[in-house]
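These notes concern the structure reproduced below.
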Amino acid sequence: MTSKISTRNKFKCPIFGSPEDISQINLPTYKDMLRSCFFERINLAPKTGNKESSFSRIVENVATKIEFVWAKASTAIATHSRVLQIIHIYYGKYTNFKKSYKRDNTSKAFQTKINAFREEACTKLFDIAVCKCNTFEDCNCERTKKLHRNEHNFLKDQQTTRLLYIGSLDINETKPLQNIADNSDRKAHNLYLNHTQTTPNAYDPKYKYLTPLLSRSSQMRPGLLSTAVIGDKFGASDWAVAAIASSVLHYVGLITSNHSNLVVDKNKLRREKTNVRKDLKF
């Protein structure tokens, strides 16, 4: 018979405390991962008639959330199957401690072991980044897996003091990024003015065919750069920024079923972001 589980208010792990969902502004530690498993276990209960959910389903949800947070940090990560494997292995360690907790809790040797396990889980980053190089200067990873300087600095912070958060930028990085965005907006505005000044009036009967000064895709180039910079500034994922930008263009009528060449692709945004970071020597 499948057992029913306790509510979130009643459930509390004797080792790591209450259930808690994954934070969206910090990369998770192993403790965060475990507490998220508790959270998902209870969160899925109403969908299963308040009965115990399969652990594979719980792990699947937790892994997806963790991958999403890492994606917001613009970091190349391990495969989904590898993330699932890491969660299963570490949760197995936790389960072994929990099984013997009531029996051995008074033992000094057990207390020493469990305190060490708790300390590790609280301080160790649940690191699923592909790049494991200690510093930016010593990184030998291939281009698609290589971290930029600011991402290395962010990871170092998350492994130690954890003072930074996803989307936060050092003031020295924010100013040049903002200047680039402002310049891009000015260029786009100037291109628009030039276009309207040199293009004949569409309602003038003398002109049967109008040739624009620039193609649509050419006019989009400065705007795409600005979009990439702003997305990077606020730590938004490439696919989210691309989806929002494409939705806006569709709403204003620039993207139609017959004209879909202006659909913003996440790879285009990623290239623009890479070019900006190269210019800033990140």
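The chains in the structure tokens are called A, B, ... from first to last as shown; in each chain the residues are counted from 1, and the ligands are counted from 1 in the order shown.
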Quick one: residues within 9 Å of region 155-162 of chain A, only C-alpha atoms, excluding same-chain residues fewer than 6 positions away - as a VMD selection string? chain A and resid 26 to 29 123 to 125 127 134 to 135
Counting only C-alpha atoms, what is within 10 Å of Cys133 (chain A), bar same-chain residues fewer than 5 positions away, as a VMD selection string? chain A and resid 138 to 141 146 to 147 152
Selected residues, C-alpha atoms, written as a JSON list (two decimals), in the first residue's frame, please.
[["chain", "number", "residue", "atom", "x", "y", "z"],
["A", 138, "ASP", "CA", 44.65, 28.79, -17.43],
["A", 139, "CYS", "CA", 41.48, 27.68, -19.24],
["A", 140, "ASN", "CA", 42.19, 25.33, -22.16],
["A", 141, "CYS", "CA", 38.58, 24.35, -22.91],
["A", 146, "LYS", "CA", 35.03, 28.08, -22.42],
["A", 147, "LEU", "CA", 33.89, 30.48, -19.71],
["A", 152, "HIS", "CA", 34.87, 32.61, -13.96]]
Using DSSP on the backbone coordinates, identify the residues of region 25-150 of chain A assigned to helix (DSSP H, G or I); present them as a PyMOL selection string. chain A and resi 30-43+45-48+55-72+80-99+101-104+108-123+149-150
Of the listed residues A:Phe11, A:Ala129, A:Ser246, A:Leu84, that which approaches Ala71 (chain A) most closely, counting only C-alpha atoms: A:Ala129
